[in-house]
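Visitor: Below is the file structure.cif, which contains mmCIF, C-alpha atoms and all ligand atoms.
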```
data_protein
loop_
_atom_site.group_PDB
_atom_site.id
_atom_site.type_symbol
_atom_site.label_atom_id
_atom_site.label_comp_id
_atom_site.auth_asym_id
_atom_site.auth_seq_id
_atom_site.Cartn_x
_atom_site.Cartn_y
_atom_site.Cartn_z
ATOM 1 C CA MET A 1 -64.280 88.119 -196.158
ATOM 2 C CA GLN A 2 -65.377 88.419 -199.802
ATOM 3 C CA ARG A 3 -63.440 90.838 -201.998
ATOM 4 C CA LEU A 4 -65.138 93.375 -204.264
ATOM 5 C CA ALA A 5 -63.612 95.177 -207.230
ATOM 6 C CA ILE A 6 -65.347 98.289 -208.548
ATOM 7 C CA LEU A 7 -64.936 99.234 -212.221
ATOM 8 C CA ALA A 8 -65.603 102.899 -212.946
ATOM 9 C CA SER A 9 -64.813 105.352 -215.759
ATOM 10 C CA GLY A 10 -65.767 108.657 -214.176
ATOM 11 C CA SER A 11 -66.579 110.573 -211.025
ATOM 12 C CA GLY A 12 -67.233 107.523 -208.824
ATOM 13 C CA SER A 13 -69.946 108.873 -206.507
ATOM 14 C CA ASN A 14 -71.462 105.373 -206.439
ATOM 15 C CA ALA A 15 -68.045 103.835 -205.808
ATOM 16 C CA GLU A 16 -67.643 106.143 -202.832
ATOM 17 C CA LYS A 17 -70.978 105.118 -201.324
ATOM 18 C CA ILE A 18 -70.026 101.458 -201.777
ATOM 19 C CA MET A 19 -66.605 101.936 -200.161
ATOM 20 C CA GLU A 20 -68.275 103.807 -197.284
ATOM 21 C CA HIS A 21 -70.845 101.047 -196.807
ATOM 22 C CA PHE A 22 -68.360 98.187 -196.755
ATOM 23 C CA GLN A 23 -65.874 99.920 -194.458
ATOM 24 C CA LYS A 24 -67.945 98.587 -191.567
ATOM 25 C CA SER A 25 -68.832 95.227 -193.139
ATOM 26 C CA LYS A 26 -67.729 91.895 -191.683
ATOM 27 C CA LYS A 27 -68.582 89.933 -194.835
ATOM 28 C CA ALA A 28 -67.004 91.913 -197.676
ATOM 29 C CA SER A 29 -64.531 94.652 -198.458
ATOM 30 C CA VAL A 30 -63.698 96.786 -201.486
ATOM 31 C CA ALA A 31 -60.286 95.449 -202.463
ATOM 32 C CA LEU A 32 -59.744 97.310 -205.745
ATOM 33 C CA ILE A 33 -60.927 100.253 -207.803
ATOM 34 C CA ALA A 34 -60.152 99.722 -211.503
ATOM 35 C CA SER A 35 -60.572 102.279 -214.258
ATOM 36 C CA ASN A 36 -59.938 102.590 -217.982
ATOM 37 C CA LYS A 37 -59.069 106.242 -217.363
ATOM 38 C CA THR A 38 -56.099 107.693 -215.457
ATOM 39 C CA ASP A 39 -57.508 111.187 -214.864
ATOM 40 C CA VAL A 40 -60.882 110.525 -213.270
ATOM 41 C CA PHE A 41 -62.091 111.482 -209.808
ATOM 42 C CA VAL A 42 -62.943 107.899 -208.784
ATOM 43 C CA LEU A 43 -59.195 107.328 -208.360
ATOM 44 C CA GLU A 44 -59.026 110.205 -205.857
ATOM 45 C CA ARG A 45 -61.973 108.746 -203.978
ATOM 46 C CA ALA A 46 -60.162 105.395 -203.747
ATOM 47 C CA LYS A 47 -57.144 107.127 -202.165
ATOM 48 C CA LYS A 48 -59.426 108.640 -199.516
ATOM 49 C CA PHE A 49 -60.515 105.120 -198.525
ATOM 50 C CA GLN A 50 -57.009 103.639 -198.936
ATOM 51 C CA VAL A 51 -58.333 101.292 -201.635
ATOM 52 C CA PRO A 52 -55.712 100.185 -204.204
ATOM 53 C CA THR A 53 -56.334 101.284 -207.795
ATOM 54 C CA PHE A 54 -55.565 99.740 -211.154
ATOM 55 C CA THR A 55 -55.806 101.552 -214.501
ATOM 56 C CA PHE A 56 -55.820 99.886 -217.892
ATOM 57 C CA SER A 57 -56.469 100.678 -221.536
ATOM 58 C CA ARG A 58 -59.239 99.154 -223.637
ATOM 59 C CA LYS A 59 -56.536 97.163 -225.454
ATOM 60 C CA GLU A 60 -55.070 95.839 -222.200
ATOM 61 C CA MET A 61 -58.562 94.832 -221.056
ATOM 62 C CA GLN A 62 -59.130 92.983 -224.328
ATOM 63 C CA GLU A 63 -55.713 91.315 -223.946
ATOM 64 C CA GLY A 64 -56.839 89.908 -220.584
ATOM 65 C CA LYS A 65 -54.782 92.152 -218.292
ATOM 66 C CA LEU A 66 -57.844 93.193 -216.255
ATOM 67 C CA LEU A 67 -58.997 89.595 -215.765
ATOM 68 C CA GLU A 68 -55.465 88.667 -214.735
ATOM 69 C CA LYS A 69 -55.421 91.452 -212.123
ATOM 70 C CA LEU A 70 -58.833 90.467 -210.731
ATOM 71 C CA LYS A 71 -57.653 86.869 -210.344
ATOM 72 C CA GLN A 72 -54.358 88.009 -208.786
ATOM 73 C CA GLU A 73 -56.328 90.071 -206.258
ATOM 74 C CA LYS A 74 -58.652 87.107 -205.577
ATOM 75 C CA ILE A 75 -61.725 89.208 -206.401
ATOM 76 C CA ASP A 76 -65.090 87.541 -205.719
ATOM 77 C CA TRP A 77 -67.466 90.224 -207.070
ATOM 78 C CA VAL A 78 -67.095 92.775 -209.850
ATOM 79 C CA ILE A 79 -69.243 95.896 -209.435
ATOM 80 C CA LEU A 80 -69.714 98.157 -212.488
ATOM 81 C CA ALA A 81 -70.425 101.683 -211.274
ATOM 82 C CA GLY A 82 -70.328 103.972 -214.280
ATOM 83 C CA PHE A 83 -68.031 101.776 -216.343
ATOM 84 C CA LEU A 84 -68.352 102.702 -219.997
ATOM 85 C CA LEU A 85 -66.531 99.957 -221.898
ATOM 86 C CA LYS A 86 -68.128 96.715 -223.090
ATOM 87 C CA ILE A 87 -66.968 93.884 -220.838
ATOM 88 C CA PRO A 88 -65.171 91.094 -222.743
ATOM 89 C CA GLU A 89 -67.041 87.794 -222.666
ATOM 90 C CA ASP A 90 -64.196 85.880 -220.959
ATOM 91 C CA LEU A 91 -64.370 88.397 -218.103
ATOM 92 C CA ILE A 92 -68.144 87.979 -217.768
ATOM 93 C CA ARG A 93 -67.759 84.185 -217.828
ATOM 94 C CA ALA A 94 -65.139 84.381 -215.066
ATOM 95 C CA PHE A 95 -67.726 85.945 -212.712
ATOM 96 C CA PRO A 96 -71.006 84.074 -213.358
ATOM 97 C CA ASP A 97 -73.780 85.804 -211.373
ATOM 98 C CA ARG A 98 -71.013 87.742 -209.623
ATOM 99 C CA MET A 99 -70.859 90.825 -211.879
ATOM 100 C CA VAL A 100 -73.332 93.598 -211.048
ATOM 101 C CA ASN A 101 -74.168 96.790 -212.968
ATOM 102 C CA ILE A 102 -76.293 99.798 -212.226
ATOM 103 C CA HIS A 103 -78.213 101.559 -214.986
ATOM 104 C CA PRO A 104 -79.764 105.022 -214.481
ATOM 105 C CA ALA A 105 -83.180 104.103 -215.917
ATOM 106 C CA LEU A 106 -85.959 101.516 -215.571
ATOM 107 C CA LEU A 107 -84.720 98.790 -217.967
ATOM 108 C CA PRO A 108 -85.672 97.521 -220.449
ATOM 109 C CA ASN A 109 -86.521 101.138 -221.268
ATOM 110 C CA TYR A 110 -83.640 103.414 -222.167
ATOM 111 C CA GLY A 111 -81.040 100.664 -222.298
ATOM 112 C CA GLY A 112 -78.548 99.545 -224.908
ATOM 113 C CA LYS A 113 -75.956 101.269 -227.036
ATOM 114 C CA GLY A 114 -75.358 104.938 -226.346
ATOM 115 C CA MET A 115 -77.727 104.977 -223.379
ATOM 116 C CA TYR A 116 -75.491 106.207 -220.582
ATOM 117 C CA GLY A 117 -75.160 109.263 -218.347
ATOM 118 C CA MET A 118 -77.037 112.381 -219.465
ATOM 119 C CA HIS A 119 -78.145 110.736 -222.723
ATOM 120 C CA VAL A 120 -80.523 108.627 -220.643
ATOM 121 C CA HIS A 121 -82.032 111.539 -218.730
ATOM 122 C CA GLU A 122 -82.347 113.649 -221.897
ATOM 123 C CA ALA A 123 -84.231 110.800 -223.585
ATOM 124 C CA VAL A 124 -86.544 110.368 -220.579
ATOM 125 C CA LYS A 125 -87.240 114.129 -220.553
ATOM 126 C CA ALA A 126 -87.830 114.218 -224.306
ATOM 127 C CA ALA A 127 -90.303 111.347 -223.998
ATOM 128 C CA GLY A 128 -92.253 113.299 -221.376
ATOM 129 C CA ASP A 129 -92.179 110.370 -218.948
ATOM 130 C CA GLU A 130 -93.719 110.967 -215.522
ATOM 131 C CA SER A 131 -91.220 108.723 -213.728
ATOM 132 C CA THR A 132 -87.779 107.210 -214.092
ATOM 133 C CA GLY A 133 -85.479 105.258 -211.827
ATOM 134 C CA ILE A 134 -82.592 102.833 -211.446
ATOM 135 C CA THR A 135 -81.985 99.236 -212.380
ATOM 136 C CA ILE A 136 -79.414 97.007 -210.704
ATOM 137 C CA HIS A 137 -78.777 93.852 -212.696
ATOM 138 C CA LEU A 138 -76.380 90.975 -213.225
ATOM 139 C CA VAL A 139 -74.176 91.365 -216.278
ATOM 140 C CA ASN A 140 -74.333 88.832 -219.063
ATOM 141 C CA GLU A 141 -73.015 88.865 -222.612
ATOM 142 C CA ASN A 142 -75.784 91.252 -223.644
ATOM 143 C CA TYR A 143 -74.830 93.855 -221.053
ATOM 144 C CA ASP A 144 -78.055 95.725 -220.181
ATOM 145 C CA GLU A 145 -80.051 92.510 -220.469
ATOM 146 C CA GLY A 146 -78.791 90.558 -217.456
ATOM 147 C CA LYS A 147 -81.132 89.368 -214.685
ATOM 148 C CA ILE A 148 -82.728 92.367 -212.970
ATOM 149 C CA ILE A 149 -82.045 92.281 -209.226
ATOM 150 C CA PHE A 150 -83.613 95.563 -208.106
ATOM 151 C CA GLN A 151 -85.439 98.618 -209.445
ATOM 152 C CA ALA A 152 -86.568 101.833 -207.756
ATOM 153 C CA ALA A 153 -88.517 104.706 -209.300
ATOM 154 C CA THR A 154 -88.875 108.431 -208.746
ATOM 155 C CA ALA A 155 -91.440 110.912 -210.060
ATOM 156 C CA ILE A 156 -90.521 113.471 -212.707
ATOM 157 C CA ASP A 157 -92.081 116.938 -212.517
ATOM 158 C CA PRO A 158 -92.832 118.622 -215.849
ATOM 159 C CA SER A 159 -90.501 121.423 -214.780
ATOM 160 C CA ASP A 160 -87.581 119.008 -214.210
ATOM 161 C CA THR A 161 -84.575 119.481 -216.473
ATOM 162 C CA PRO A 162 -82.420 116.481 -217.450
ATOM 163 C CA GLU A 163 -79.998 117.680 -214.746
ATOM 164 C CA ASP A 164 -82.796 117.631 -212.150
ATOM 165 C CA ILE A 165 -83.671 114.108 -213.293
ATOM 166 C CA ALA A 166 -80.017 113.049 -213.027
ATOM 167 C CA GLN A 167 -79.950 114.358 -209.459
ATOM 168 C CA LYS A 168 -83.061 112.387 -208.488
ATOM 169 C CA VAL A 169 -81.625 109.224 -210.069
ATOM 170 C CA HIS A 170 -78.253 109.660 -208.375
ATOM 171 C CA ALA A 171 -80.059 109.955 -205.033
ATOM 172 C CA LEU A 172 -81.718 106.573 -205.646
ATOM 173 C CA GLU A 173 -78.406 105.035 -206.698
ATOM 174 C CA HIS A 174 -76.597 106.230 -203.593
ATOM 175 C CA ARG A 175 -79.460 105.093 -201.388
ATOM 176 C CA TYR A 176 -79.859 101.563 -202.762
ATOM 177 C CA PHE A 177 -76.769 100.306 -204.647
ATOM 178 C CA PRO A 178 -74.598 99.518 -201.578
ATOM 179 C CA GLU A 179 -77.460 97.728 -199.809
ATOM 180 C CA VAL A 180 -78.441 95.704 -202.879
ATOM 181 C CA ILE A 181 -74.829 94.561 -203.352
ATOM 182 C CA ASP A 182 -74.711 93.662 -199.662
ATOM 183 C CA SER A 183 -77.907 91.618 -199.999
ATOM 184 C CA LEU A 184 -76.365 89.578 -202.850
ATOM 185 C CA ILE A 185 -73.331 88.546 -200.790
ATOM 186 C CA LYS A 186 -73.916 85.500 -198.612
HETATM 187 C C1 LIG B 201 -74.465 106.455 -212.671
HETATM 188 O O1 LIG B 201 -75.552 107.281 -213.059
HETATM 189 C C2 LIG B 201 -74.753 105.021 -213.057
HETATM 190 O O2 LIG B 201 -76.130 104.713 -213.095
HETATM 191 C C3 LIG B 201 -74.211 104.944 -214.438
HETATM 192 O O3 LIG B 201 -73.052 105.763 -214.448
HETATM 193 C C4 LIG B 201 -73.212 106.774 -213.464
HETATM 194 C C5 LIG B 201 -71.986 106.751 -212.597
HETATM 195 O O4 LIG B 201 -71.973 107.870 -211.762
HETATM 196 N N1 LIG B 201 -73.900 103.582 -214.799
HETATM 197 P P1 LIG B 201 -70.769 107.981 -210.686
HETATM 198 O O5 LIG B 201 -69.481 107.945 -211.468
HETATM 199 O O6 LIG B 201 -70.897 106.794 -209.764
HETATM 200 O O7 LIG B 201 -71.006 109.281 -209.995
#
```
When written as structure tokens, how does the structure in this file appear?
Ligand code: GRF
Guide:
Amino acid sequence: MQRLAILASGSGSNAEKIMEHFQKSKKASVALIASNKTDVFVLERAKKFQVPTFTFSRKEMQEGKLLEKLKQEKIDWVILAGFLLKIPEDLIRAFPDRMVNIHPALLPNYGGKGMYGMHVHEAVKAAGDESTGITIHLVNENYDEGKIIFQAATAIDPSDTPEDIAQKVHALEHRYFPEVIDSLIK
């Protein structure tokens, strides 16, 4: 049974879908929810699924405390689901082709520094794009530039607000992220 850790910094709606999906799985389970925040809803969602949680500061992550915990918990896969800190290189190297991130746009567009959450959807709206989507990719040292595993798109209506766009993107995330993770695990 492979063990997944989910890193999240916020609400955790994707984390919830992943925990739900793997509850029934025979090949993997969510063994840990880790966050750099102590007051975020993802920690409540973990409780609902009886998944242990681990919180840490940026400093502790940089000192290796997160990597130590992941090793202690014998984690096989690290899933970034709305994790907003830059992952230290030693942590990325510890999970070669086993660290997966989801980005709320069609990379390489709208990636890189500062492109997260509503900033992405506001930029897509401002550009007048007719579609947007999600990208699920492996994480390497250059963060949003790892190998793309999966993308899905959705149409944008001219009347859509950035919030409407966010809703359409979240729907894609919830629909595909658990299954794409599942497909990566042998
Ligand atoms: C998602 O839009 C994801 O693409 C991005 O962060 C957001 C996390 O949302 N990386 P949630 O916390 O899973 O609801």
Visitor: Select from range 34-76 of chain A every residue with an atom at most 12 Å from any atom of range 86-90 of chain A, then for each give the shortest pair of atoms and their distance in Å to one decimal, using all atoms listed in the file, rows by chain and rising number, as a tab-separated table.
Guide:
```
residue	atom	partner	partner_atom	distance
A:Asn36	CA	A:Lys86	CA	11.3
A:Arg58	CA	A:Lys86	CA	9.2
A:Lys59	CA	A:Pro88	CA	10.9
A:Glu60	CA	A:Pro88	CA	11.2
A:Met61	CA	A:Pro88	CA	7.8
A:Gln62	CA	A:Pro88	CA	6.5
A:Glu63	CA	A:Pro88	CA	9.5
A:Gly64	CA	A:Asp90	CA	8.4
A:Lys65	CA	A:Pro88	CA	11.4
A:Leu66	CA	A:Pro88	CA	10.0
A:Leu67	CA	A:Asp90	CA	8.2
A:Glu68	CA	A:Asp90	CA	11.1
```
Visitor: Go through the shown structure with the PyMOL selection byres (((chain A and resi 169-183) around 7) and not hetatm) and write out the matching residues as a PyMOL selection string.
Guide: chain A and resi 14+17-18+21+104+133-134+165-168+184-185
Visitor: May I have a table of the residues of chain A lying at most 8 Å from ligand LIG 201 (chain B), giving each one's closest pair of atoms and their distance in Å to one decimal, counting only C-alpha atoms and all ligand atoms, ordered by chain and ascending residue number, as JSON lines?
Guide:
```
{"residue": "A:Ala8", "atom": "CA", "partner": "B:LIG201", "partner_atom": "O5", "distance": 6.5}
{"residue": "A:Ser9", "atom": "CA", "partner": "B:LIG201", "partner_atom": "O5", "distance": 6.9}
{"residue": "A:Gly10", "atom": "CA", "partner": "B:LIG201", "partner_atom": "O5", "distance": 4.7}
{"residue": "A:Ser11", "atom": "CA", "partner": "B:LIG201", "partner_atom": "O5", "distance": 3.9}
{"residue": "A:Gly12", "atom": "CA", "partner": "B:LIG201", "partner_atom": "O5", "distance": 3.5}
{"residue": "A:Ser13", "atom": "CA", "partner": "B:LIG201", "partner_atom": "O7", "distance": 3.7}
{"residue": "A:Asn14", "atom": "CA", "partner": "B:LIG201", "partner_atom": "O6", "distance": 3.7}
{"residue": "A:Ala15", "atom": "CA", "partner": "B:LIG201", "partner_atom": "O6", "distance": 5.7}
{"residue": "A:Glu16", "atom": "CA", "partner": "B:LIG201", "partner_atom": "O6", "distance": 7.7}
{"residue": "A:Val42", "atom": "CA", "partner": "B:LIG201", "partner_atom": "O5", "distance": 7.1}
{"residue": "A:Leu80", "atom": "CA", "partner": "B:LIG201", "partner_atom": "N1", "distance": 7.2}
{"residue": "A:Ala81", "atom": "CA", "partner": "B:LIG201", "partner_atom": "N1", "distance": 5.3}
{"residue": "A:Gly82", "atom": "CA", "partner": "B:LIG201", "partner_atom": "O3", "distance": 3.3}
{"residue": "A:Phe83", "atom": "CA", "partner": "B:LIG201", "partner_atom": "N1", "distance": 6.3}
{"residue": "A:Leu84", "atom": "CA", "partner": "B:LIG201", "partner_atom": "N1", "distance": 7.7}
{"residue": "A:Asn101", "atom": "CA", "partner": "B:LIG201", "partner_atom": "N1", "distance": 7.0}
{"residue": "A:Ile102", "atom": "CA", "partner": "B:LIG201", "partner_atom": "O2", "distance": 5.0}
{"residue": "A:His103", "atom": "CA", "partner": "B:LIG201", "partner_atom": "O2", "distance": 4.2}
{"residue": "A:Pro104", "atom": "CA", "partner": "B:LIG201", "partner_atom": "O2", "distance": 3.9}
{"residue": "A:Ala105", "atom": "CA", "partner": "B:LIG201", "partner_atom": "O2", "distance": 7.6}
{"residue": "A:Tyr116", "atom": "CA", "partner": "B:LIG201", "partner_atom": "C3", "distance": 6.4}
{"residue": "A:Gly117", "atom": "CA", "partner": "B:LIG201", "partner_atom": "O3", "distance": 5.6}
{"residue": "A:Ile134", "atom": "CA", "partner": "B:LIG201", "partner_atom": "O2", "distance": 6.9}
{"residue": "A:Ala166", "atom": "CA", "partner": "B:LIG201", "partner_atom": "O1", "distance": 7.3}
{"residue": "A:Val169", "atom": "CA", "partner": "B:LIG201", "partner_atom": "O1", "distance": 7.0}
{"residue": "A:His170", "atom": "CA", "partner": "B:LIG201", "partner_atom": "O1", "distance": 5.9}
{"residue": "A:Glu173", "atom": "CA", "partner": "B:LIG201", "partner_atom": "O2", "distance": 6.8}
```
Visitor: Running the PyMOL selection byres (((chain A and resi 46-48) around 10) and not hetatm) on this model by hand, what would come out? Give it as a PyMOL selection string.
Guide: chain A and resi 12+15-16+19+30+32-34+41-45+49-53
Visitor: Which distance in Å separates CA of Thr135 in chain A and CA of Lys69 in chain A, to one decimal?
Guide: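 Atom-to-atom, CA of Thr135 in chain A and CA of Lys69 in chain A are spaced 27.7 Å apart.
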Visitor: Rank A:Val100, A:Ala152, A:Val120, A:Leu107 by their smallest atom-to-atom distance to Asn140 in chain A, using all atoms listed in the file, and report the top residue only.
Guide: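 The closest residue to Asn140 in chain A is A:Val100.
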Visitor: Apply the PyMOL selection byres (((chain A and resi 145) around 12) and not hetatm) to the displayed file and report the matching residues as number ranges by chain.
Guide: A: 100-103, 106-113, 135-144, 146-149
Visitor: Mind checking which residues fall within 12 Å of Lys71 in chain A, counting all atoms listed in the file, ignoring those fewer than 5 positions away in the same chain, and posting them as a compact mmCIF listing (two decimals) with C-alpha atoms, in the frame of the given file?
Guide:
```
# COMPACT_ATOMS: atom_id res chain seq x y z
CA ARG A 3 -63.44 90.84 -202.00
CA LEU A 4 -65.14 93.38 -204.26
CA ALA A 5 -63.61 95.18 -207.23
CA ALA A 31 -60.29 95.45 -202.46
CA LEU A 32 -59.74 97.31 -205.74
CA GLY A 64 -56.84 89.91 -220.58
CA LYS A 65 -54.78 92.15 -218.29
CA LEU A 66 -57.84 93.19 -216.26
CA ASP A 76 -65.09 87.54 -205.72
CA TRP A 77 -67.47 90.22 -207.07
CA VAL A 78 -67.10 92.78 -209.85
CA LEU A 91 -64.37 88.40 -218.10
CA ALA A 94 -65.14 84.38 -215.07
CA PHE A 95 -67.73 85.94 -212.71
```
Visitor: Please define a box with edges along x, y and z of the file around all atoms of range 149-167 of chain A given in the file, extend it by 4 Å on each side, and return its centre and edge lengths in Å to one decimal, as lines of an AutoDock Vina configuration file.
Guide:
```
center_x = -86.4
center_y = 106.9
center_z = -212.6
size_x = 20.9
size_y = 37.1
size_z = 17.7
```
Visitor: In Å, with one decimal, what is the gap from CA of Ala123 in chain A to CA of Pro158 in chain A?
Guide: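 Separation of CA of Ala123 in chain A and CA of Pro158 in chain A: 14.0 Å.
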Visitor: For the point (-58.7, 89.9, -195.8) in file coordinates, what residues are within 10 Å, counting only C-alpha atoms? Give the answer as a list in words?
Guide: Met1, Gln2, Arg3, Lys27, Ala28, Ser29 and Ala31 of chain A
Visitor: To one decimal place, how far is CA of Arg98 in chain A from CA of His121 in chain A in Å?
Guide: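 CA of His121 in chain A lies at a distance of 27.8 Å from CA of Arg98 in chain A.
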Visitor: Please supply range 154-172 of chain A, rebuilt with N, CA, C and O atoms, as a tab-separated table (two decimals), in the coordinates of the input.
Guide:
```tsv
chain	number	residue	atom	x	y	z
A	154	THR	N	-88.66	107.11	-209.32
A	154	THR	CA	-88.88	108.43	-208.75
A	154	THR	C	-89.73	109.23	-209.71
A	154	THR	O	-89.66	109.01	-210.94
A	155	ALA	N	-90.55	110.12	-209.20
A	155	ALA	CA	-91.44	110.91	-210.06
A	155	ALA	C	-90.66	112.02	-210.77
A	155	ALA	O	-89.64	112.49	-210.26
A	156	ILE	N	-91.12	112.36	-211.97
A	156	ILE	CA	-90.52	113.47	-212.71
A	156	ILE	C	-91.56	114.59	-212.77
A	156	ILE	O	-92.71	114.34	-213.17
A	157	ASP	N	-91.16	115.79	-212.36
A	157	ASP	CA	-92.08	116.94	-212.52
A	157	ASP	C	-91.89	117.52	-213.92
A	157	ASP	O	-90.78	117.51	-214.43
A	158	PRO	N	-92.97	118.04	-214.49
A	158	PRO	CA	-92.83	118.62	-215.85
A	158	PRO	C	-91.75	119.71	-215.93
A	158	PRO	O	-91.12	119.89	-216.95
A	159	SER	N	-91.51	120.34	-214.77
A	159	SER	CA	-90.50	121.42	-214.78
A	159	SER	C	-89.07	120.88	-214.63
A	159	SER	O	-88.10	121.63	-214.76
A	160	ASP	N	-88.93	119.58	-214.40
A	160	ASP	CA	-87.58	119.01	-214.21
A	160	ASP	C	-86.76	119.11	-215.50
A	160	ASP	O	-87.24	118.77	-216.59
A	161	THR	N	-85.51	119.53	-215.33
A	161	THR	CA	-84.58	119.48	-216.47
A	161	THR	C	-83.88	118.11	-216.45
A	161	THR	O	-83.95	117.41	-215.43
A	162	PRO	N	-83.18	117.74	-217.51
A	162	PRO	CA	-82.42	116.48	-217.45
A	162	PRO	C	-81.45	116.44	-216.26
A	162	PRO	O	-81.25	115.40	-215.66
A	163	GLU	N	-80.92	117.62	-215.90
A	163	GLU	CA	-80.00	117.68	-214.75
A	163	GLU	C	-80.75	117.39	-213.44
A	163	GLU	O	-80.24	116.68	-212.56
A	164	ASP	N	-81.98	117.92	-213.36
A	164	ASP	CA	-82.80	117.63	-212.15
A	164	ASP	C	-83.08	116.13	-212.07
A	164	ASP	O	-83.03	115.50	-211.02
A	165	ILE	N	-83.37	115.54	-213.24
A	165	ILE	CA	-83.67	114.11	-213.29
A	165	ILE	C	-82.44	113.32	-212.87
A	165	ILE	O	-82.52	112.39	-212.06
A	166	ALA	N	-81.28	113.74	-213.38
A	166	ALA	CA	-80.02	113.05	-213.03
A	166	ALA	C	-79.80	113.08	-211.52
A	166	ALA	O	-79.42	112.07	-210.91
A	167	GLN	N	-80.13	114.21	-210.91
A	167	GLN	CA	-79.95	114.36	-209.46
A	167	GLN	C	-80.87	113.40	-208.69
A	167	GLN	O	-80.44	112.71	-207.76
A	168	LYS	N	-82.11	113.29	-209.16
A	168	LYS	CA	-83.06	112.39	-208.49
A	168	LYS	C	-82.61	110.93	-208.63
A	168	LYS	O	-82.70	110.13	-207.70
A	169	VAL	N	-82.08	110.60	-209.82
A	169	VAL	CA	-81.62	109.22	-210.07
A	169	VAL	C	-80.38	108.92	-209.24
A	169	VAL	O	-80.28	107.87	-208.61
A	170	HIS	N	-79.46	109.87	-209.19
A	170	HIS	CA	-78.25	109.66	-208.38
A	170	HIS	C	-78.62	109.41	-206.91
A	170	HIS	O	-78.04	108.56	-206.24
A	171	ALA	N	-79.64	110.13	-206.44
A	171	ALA	CA	-80.06	109.96	-205.03
A	171	ALA	C	-80.53	108.52	-204.80
A	171	ALA	O	-80.19	107.87	-203.80
A	172	LEU	N	-81.26	107.98	-205.76
A	172	LEU	CA	-81.72	106.57	-205.65
A	172	LEU	C	-80.52	105.62	-205.66
A	172	LEU	O	-80.45	104.66	-204.90
```
